[in-house]
Structure formats: C-alpha cells, structure tokens
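Following: one structure in structure tokens, then a few remarks.
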Amino acid sequence: MTGTVVRSTGSWYDVLTDEGHRLTCKVKGNFRLRGIRSTNPVAVGDRVVVTEENEQTPYIKEVLDRRNYIVRKASNLSKQSHILAANIDQALLIVTIARPETNTTFIDRFLACAEAYRVPVVIVFNKSDDLSPEETETRDRLAQLYGEIGYTCLSISALKASGLESLRDILHNKTTLMAGNSGVGKSTLLNALIPGVNVRTEEISESHQTGMHTTTFSEMFALPDGGGLIDIPGVKGFGTFDIEPEEVSHYFRDIFRIAAGCRFNNCTHTHEPGCAVLEALESGSLPLSRYQSYLSMMEDKDEGKYRAAF
C-alpha cells in the first residue's frame with residue numbers, strides 16, 4: 001500500500017495511507033545502504049510504499065520519486081545531508097527581530113537553499129506585538145529589503161492571533177514546511193492555526209535570549225481548511241549541501257540580477273575588475289548584509305560553517 005509520511009522520530013515513521021489509516025512503521029535495516037547520502041533517507045512528506053508482514057510491524061520498503069525537497073548539511077561530520085521535508089509547495093520562514101534575534105545570515109542561507117531546490121518561501125515576522133519602536137523600524141526595514149528582492153513578507157503575532165488571516169490564505173490547500181530558529185514561536189503559531197492541537201511551548205531563556213527546543217521530531221499537521229503544515233525542530237544554523245561556490249550567486253535573486261552586468265561571465269564578485277556586484281555594493285544599492293551572506297556561503301566548502309545541531 002502507499003501513503004504519506006506525516007511524522008518522523010528518526011527511527012519510527014507514521015504513515016497516513018491513501019485509504020486513511022495511520023500506521024507506525026520502521027525502515028528495513030538495509031534501506032540505508034542504497035547510496036542515499038542523507039542522515040534520514042525517509043522524510044516527512046515522502047510518498048512511500050508500506051508492507052505489512054504477518055501482522056507484525058509495518059515496514060517502509062520504498063520511497064517514491066520526490067517532486068522536490070529541501071535539505072541542509074547534517075550536523076555531524078559525515079558530509080551528508082539532512083532532509084527537512086519532501087514534496088512541499090512552499091516554506092514559511094518564521095523570524096523574530098528580538099527575543100531571540102534571527103540574524104540575516106541565517107535568513108539569507110535559508111532563502112538561497114530554498115532557491116536551489118525550487119521551493120518558494122514566505123518570510124513571517126512573528127512577535128510583532130512585542131517590539132520597541134527601534135525594533136519595529138528594524139522589522140520594517142528588513143521586510144522592505146526582502147520584499148524588494150521578491151519575497152512575500154508578513155508581520156504577525158501568533159500569541160495574540162493577529163495577522164493570521166493572510167497567512168491562512170497562503171496556507172490553504174498547500175503542503176508547507178515551517179522552519180526557523182528555536183524560540184521564534186512556531187509551536188505557538190501551530191496552536192493558533194489549528195485549534196486543539198495543543199503543541200507544547202516554552203519560555204525564552206532569560207539569560208541567553210534564545211529559544212529552547214519544544215519540537216524534537218518532524219511532523220505534518222492537517223490544517224482545518226485544507227493543506228498540511230510540517231513542523232520541524234528549531235534550526236540553529238543552516239549549512240549548505242551540494243552547492244558549488246560558482247553556483248551560490250544563482251540563488252541570491254538580487255545578486256544574480258546585478259551580476260548580469262559583470263564584465264566576466266565567471267565573475268566571483270570578490271575582486272574582479274568590472275564587477276557589477278561590487279559596484280552595487282559600493283553604491284549602496286546592494287545591502288552589505290546580503291553580500292556578507294553570499295561570501296559566507298562561498299566559504300562553506302573550506303570552513304565547514306553552520307553545522308550547529310537542531
């Protein structure tokens with residue numbers, strides 16, 4: 001029988017079959033030996049074939065072809081990927097200006113990786129009810145920056161349930177990955193969008209102003225008006241996987257557009273004469289934060305950056 005993986009703990013997988021049954025399955029031991037360069041060869045959102053043998057534990061015997069997926073570098077040193085979700089229509093990147101602060105390098109890395117795997121992203125600025133005038137100004141500046149690049153940006157308060165109608169429209173009848181740092185309010189947002197789901201939430205660490213993990217595994221929740229929302233553990237860092245340095249600029253929409261004016265087709269935008277990107281940086285038409293994020297991804301191959309665990 002076939003179905004969709006809706007929950008993964010790393011060793012057990014809940015599969016919602018096409019007939020509407022929910023099965024708790026395992027993966028055959030030799031499944032990991034098929035050349036899959038991933039720490040989790042089966043991910044939430046995967047379409048799979050399940051077999052029940054003599055009424056014992058159901059097993060996932062095959063993962064059907066994925067129409068897309070999004071990955072990050074695994075947090076271990078195995079040079080493998082970790083698949084965040086498969087067969088998704090879009091991703092929500094939940095960010096906060098403060099308590100905790102989502103830095104622009106993390107935002108840019110997530111956006112670039114989503115571009116690489118052709119996954120549209122909506123940036124959601126949460127906790128907008130808890131901002132000082134200066135923080136509100138920062139949020140508005142970032143929303144304008146990413147809006148001008150071409151990303152849809154929303155400002156909400158999951159705690160106060162404000163600004164959610166526009167978000168519900170975006171989520172309607174779509175399978176959506178929800179990602180972000182720990183503490184940005186993903187669990188609170190889930191509780192606001194899906195009455196009765198009762199996902200556990202935690203307070204922000206006062207000493208470090210960072211979030212504490214409340215989600216320890218990945219799970220897809222059915223939305224009341226149609227569609228599914230995939231919640232994953234909070235991401236501290238976002239390491240790139242299988243993106244070569246010469247490809248990085250292709251996944252920064254603004255840099256890619258500007259690079260059309262470079263003198264050399266193979267310009268790295270770091271030192272070459274006639275580089276339109278460097279000229280844009282100098283003139284201020286390309287934000288420094290975007291360029292710094294671009295450079296950090298160019299350096300990934302050598303420095304192994306952003307391998308922080310979930």
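We name chains A, B, ... following the order of the structure tokens; residues begin at 1 in each chain, and ligands are numbered from 1 as shown.
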Which residues of region 48-141 of chain A come within 10 Å of region 246-263 of chain A, and what is each one's closest atom pair and distance in Å (one decimal), counting only C-alpha atoms, sorted by chain and residue number, as a Markdown table?
```
| residue | atom | partner | partner_atom | distance |
| --- | --- | --- | --- | --- |
| A:Asp108 | CA | A:Phe252 | CA | 8.0 |
| A:Arg109 | CA | A:Phe252 | CA | 9.2 |
| A:Leu111 | CA | A:Tyr251 | CA | 7.9 |
| A:Ala112 | CA | A:Tyr251 | CA | 4.8 |
| A:Cys113 | CA | A:Tyr251 | CA | 7.3 |
| A:Ala114 | CA | A:Tyr251 | CA | 8.3 |
| A:Glu115 | CA | A:Tyr251 | CA | 5.4 |
| A:Ala116 | CA | A:Tyr251 | CA | 6.1 |
| A:Tyr117 | CA | A:Tyr251 | CA | 9.6 |
| A:Arg118 | CA | A:Tyr251 | CA | 9.6 |
```
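Once Cys153 (chain A) and its same-chain neighbours fewer than 4 positions away are set aside, Leu92, Leu93, Ile94, Val95, Val121, Val122, Ile123, Val124, Phe125, Asn126, Arg139, Asp140, Arg141, Leu142, Ala143, Gln144, Leu145, Tyr146, Gly147, Glu148, Ile149, Gly163, Ser166, Leu167 and Ile170 of chain A remain within 12 Å of it when counting only C-alpha atoms.
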Expected file: the selected residues, C-alpha atoms, as a short mmCIF file (atom, residue, chain, number, x, y, z; two decimals), in the first residue's frame:
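Okay, this is what ended up in selection_2.cif:
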```cif
data_model
loop_
_atom_site.label_atom_id
_atom_site.label_comp_id
_atom_site.auth_asym_id
_atom_site.auth_seq_id
_atom_site.Cartn_x
_atom_site.Cartn_y
_atom_site.Cartn_z
CA LEU A 92 7.38 29.54 5.84
CA LEU A 93 10.50 31.02 7.39
CA ILE A 94 9.49 32.25 10.84
CA VAL A 95 11.80 35.01 12.08
CA VAL A 121 9.48 30.96 0.66
CA VAL A 122 7.24 33.32 2.62
CA ILE A 123 9.02 35.25 5.39
CA VAL A 124 6.87 35.62 8.50
CA PHE A 125 7.93 38.19 11.10
CA ASN A 126 6.45 36.89 14.36
CA ARG A 139 11.45 44.77 11.10
CA ASP A 140 10.04 47.23 8.58
CA ARG A 141 13.47 47.74 7.03
CA LEU A 142 14.03 44.01 6.63
CA ALA A 143 10.52 43.47 5.27
CA GLN A 144 11.19 46.17 2.69
CA LEU A 145 14.58 44.67 1.80
CA TYR A 146 13.25 41.17 1.22
CA GLY A 147 10.05 42.44 -0.35
CA GLU A 148 12.06 44.34 -2.96
CA ILE A 149 14.04 41.17 -3.70
CA GLY A 163 -2.34 38.95 11.18
CA SER A 166 -3.44 36.50 5.30
CA LEU A 167 -1.32 33.57 6.45
CA ILE A 170 -1.33 31.43 1.85
#
```
Nearest residue to Val184 (chain A) from the set A:Arg66, A:His172, A:Arg99, A:Arg290 (distances using only C-alpha atoms):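 Comparing A:Arg66, A:His172, A:Arg99, A:Arg290 against Val184 (chain A), the winner is A:Arg99.
If only C-alpha atoms are the atoms counted, then among A:Thr4, A:Ser81, A:Asn173, A:Thr268 the closest residue to Pro224 (chain A) is A:Asn173.
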Which of region 113-220 of chain A fall in strand (DSSP E), as a list in words: Val121, Val122, Ile123, Val124, Phe125, Thr152, Cys153, Leu154, Ser155, Thr175, Thr176, Leu177, Met178, Ala179, Ser218, Glu219 and Met220 of chain A
Residue neighbourhood Leu16 (chain A), 9 Å, only C-alpha atoms, exclusion window fewer than 3 positions, as a ChimeraX atom specification: /A:2-6,19-23
Go ahead and dump the residues you just picked, N, CA and C atoms, as a compact mmCIF listing (two decimals), in the first residue's frame.
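Saved the output as again13.txt:
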```
# COMPACT_ATOMS: atom_id res chain seq x y z
N THR A 2 0.32 2.36 -0.42
CA THR A 2 1.07 3.61 -0.47
C THR A 2 0.46 4.62 0.50
N GLY A 3 1.30 5.59 0.88
CA GLY A 3 0.85 6.63 1.78
C GLY A 3 1.87 7.74 1.90
N THR A 4 1.61 8.67 2.81
CA THR A 4 2.47 9.83 3.02
C THR A 4 3.02 9.80 4.44
N VAL A 5 4.32 10.03 4.58
CA VAL A 5 4.94 10.10 5.90
C VAL A 5 4.52 11.41 6.56
N VAL A 6 3.89 11.31 7.74
CA VAL A 6 3.40 12.50 8.43
C VAL A 6 4.11 12.74 9.75
N GLU A 19 -5.75 5.08 2.05
CA GLU A 19 -7.08 4.65 2.50
C GLU A 19 -7.50 5.34 3.79
N GLY A 20 -6.59 6.18 4.34
CA GLY A 20 -6.95 6.95 5.53
C GLY A 20 -6.53 6.34 6.85
N HIS A 21 -5.72 5.27 6.81
CA HIS A 21 -5.26 4.64 8.04
C HIS A 21 -3.89 5.21 8.42
N ARG A 22 -3.64 5.32 9.72
CA ARG A 22 -2.34 5.81 10.19
C ARG A 22 -1.56 4.63 10.76
N LEU A 23 -0.41 4.36 10.16
CA LEU A 23 0.43 3.24 10.56
C LEU A 23 1.76 3.73 11.11
```
Residues within 9 Å of Ala158 (chain A), only C-alpha atoms, excluding chain neighbours under 5 positions, as JSON, numbers by chain: {"A": [126, 127, 128, 163, 164, 185, 186, 188, 189, 190, 191, 192, 193]}
For the residues in the current selection, export C-alpha atoms as a PDB file, in the first residue's frame.
```pdb
ATOM      1  CA  ASN A 126       6.451  36.892  14.356  1.00  0.00           C
ATOM      2  CA  LYS A 127       6.072  38.516  17.799  1.00  0.00           C
ATOM      3  CA  SER A 128       5.168  41.859  16.260  1.00  0.00           C
ATOM      4  CA  GLY A 163      -2.337  38.946  11.176  1.00  0.00           C
ATOM      5  CA  LEU A 164      -3.235  35.298  10.698  1.00  0.00           C
ATOM      6  CA  GLY A 185       7.125  30.925  18.103  1.00  0.00           C
ATOM      7  CA  LYS A 186       6.500  28.066  15.681  1.00  0.00           C
ATOM      8  CA  THR A 188       2.572  28.961  19.346  1.00  0.00           C
ATOM      9  CA  LEU A 189       1.706  29.578  15.708  1.00  0.00           C
ATOM     10  CA  LEU A 190       0.668  25.960  15.244  1.00  0.00           C
ATOM     11  CA  ASN A 191      -1.648  26.218  18.249  1.00  0.00           C
ATOM     12  CA  ALA A 192      -3.164  29.406  16.818  1.00  0.00           C
ATOM     13  CA  LEU A 193      -3.717  27.934  13.344  1.00  0.00           C
TER      14      LEU A 193
END
```
Please report as CSV every residue of region 44-78 of chain A lying within 12 Å of region 9-14 of chain A, along with the nearest atom pair and their distance in Å (one decimal), using only C-alpha atoms.
```
residue,atom,partner,partner_atom,distance
A:Val44,CA,A:Tyr13,CA,8.4
A:Gly45,CA,A:Asp14,CA,10.7
A:Asp46,CA,A:Tyr13,CA,10.6
A:Arg47,CA,A:Asp14,CA,11.8
A:Val48,CA,A:Tyr13,CA,10.8
A:Val50,CA,A:Asp14,CA,10.8
A:Thr57,CA,A:Trp12,CA,10.5
A:Pro58,CA,A:Tyr13,CA,9.8
A:Tyr59,CA,A:Tyr13,CA,9.2
A:Ile60,CA,A:Tyr13,CA,8.6
```
Take the residues from that selection and write them out as a PDB file, in the first residue's frame, keeping C-alpha atoms.
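Written out: selection-v3.pdb:
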```
ATOM      1  CA  VAL A  44       8.070  13.875   6.392  1.00  0.00           C
ATOM      2  CA  GLY A  45       6.174  14.488   3.160  1.00  0.00           C
ATOM      3  CA  ASP A  46       7.640  11.472   1.410  1.00  0.00           C
ATOM      4  CA  ARG A  47       5.309   9.249  -0.570  1.00  0.00           C
ATOM      5  CA  VAL A  48       6.171   5.674   0.388  1.00  0.00           C
ATOM      6  CA  VAL A  50       4.462   0.170   3.021  1.00  0.00           C
ATOM      7  CA  THR A  57       5.442  -4.068  12.448  1.00  0.00           C
ATOM      8  CA  PRO A  58       4.739  -2.388   9.069  1.00  0.00           C
ATOM      9  CA  TYR A  59       7.851  -1.534   7.080  1.00  0.00           C
ATOM     10  CA  ILE A  60       8.592   1.198   4.576  1.00  0.00           C
TER      11      ILE A  60
END
```
Coordinates-based distance that separates CA of Lys26 (chain A) from CA of Lys61 (chain A) (Å, one decimal):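 Distance reported for this atom pair: 9.2 Å.
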Which of A:Asn265, A:Ser157, A:Ser162, A:Gln80 sits closest to Ser38 (chain A) [using only C-alpha atoms]: A:Gln80
Pick from A:Pro120, A:Gly183, A:Gly196, A:Pro41, whichever lies nearest to Ile83 (chain A) using only C-alpha atoms: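 Looking at the shortest contact to Ile83 (chain A), the residue is A:Pro41.
Residue nearest Asp130 (chain A), chosen from A:Ala98, A:Ala161, A:Val15, A:Ala222 and counting only C-alpha atoms: A:Ala98.
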DSSP helix (DSSP H, G or I) residues within region 39-288 of chain A, as a ChimeraX atom specification: /A:104-116,133-149,164-171,186-193,245-251,253-259,276-283,288
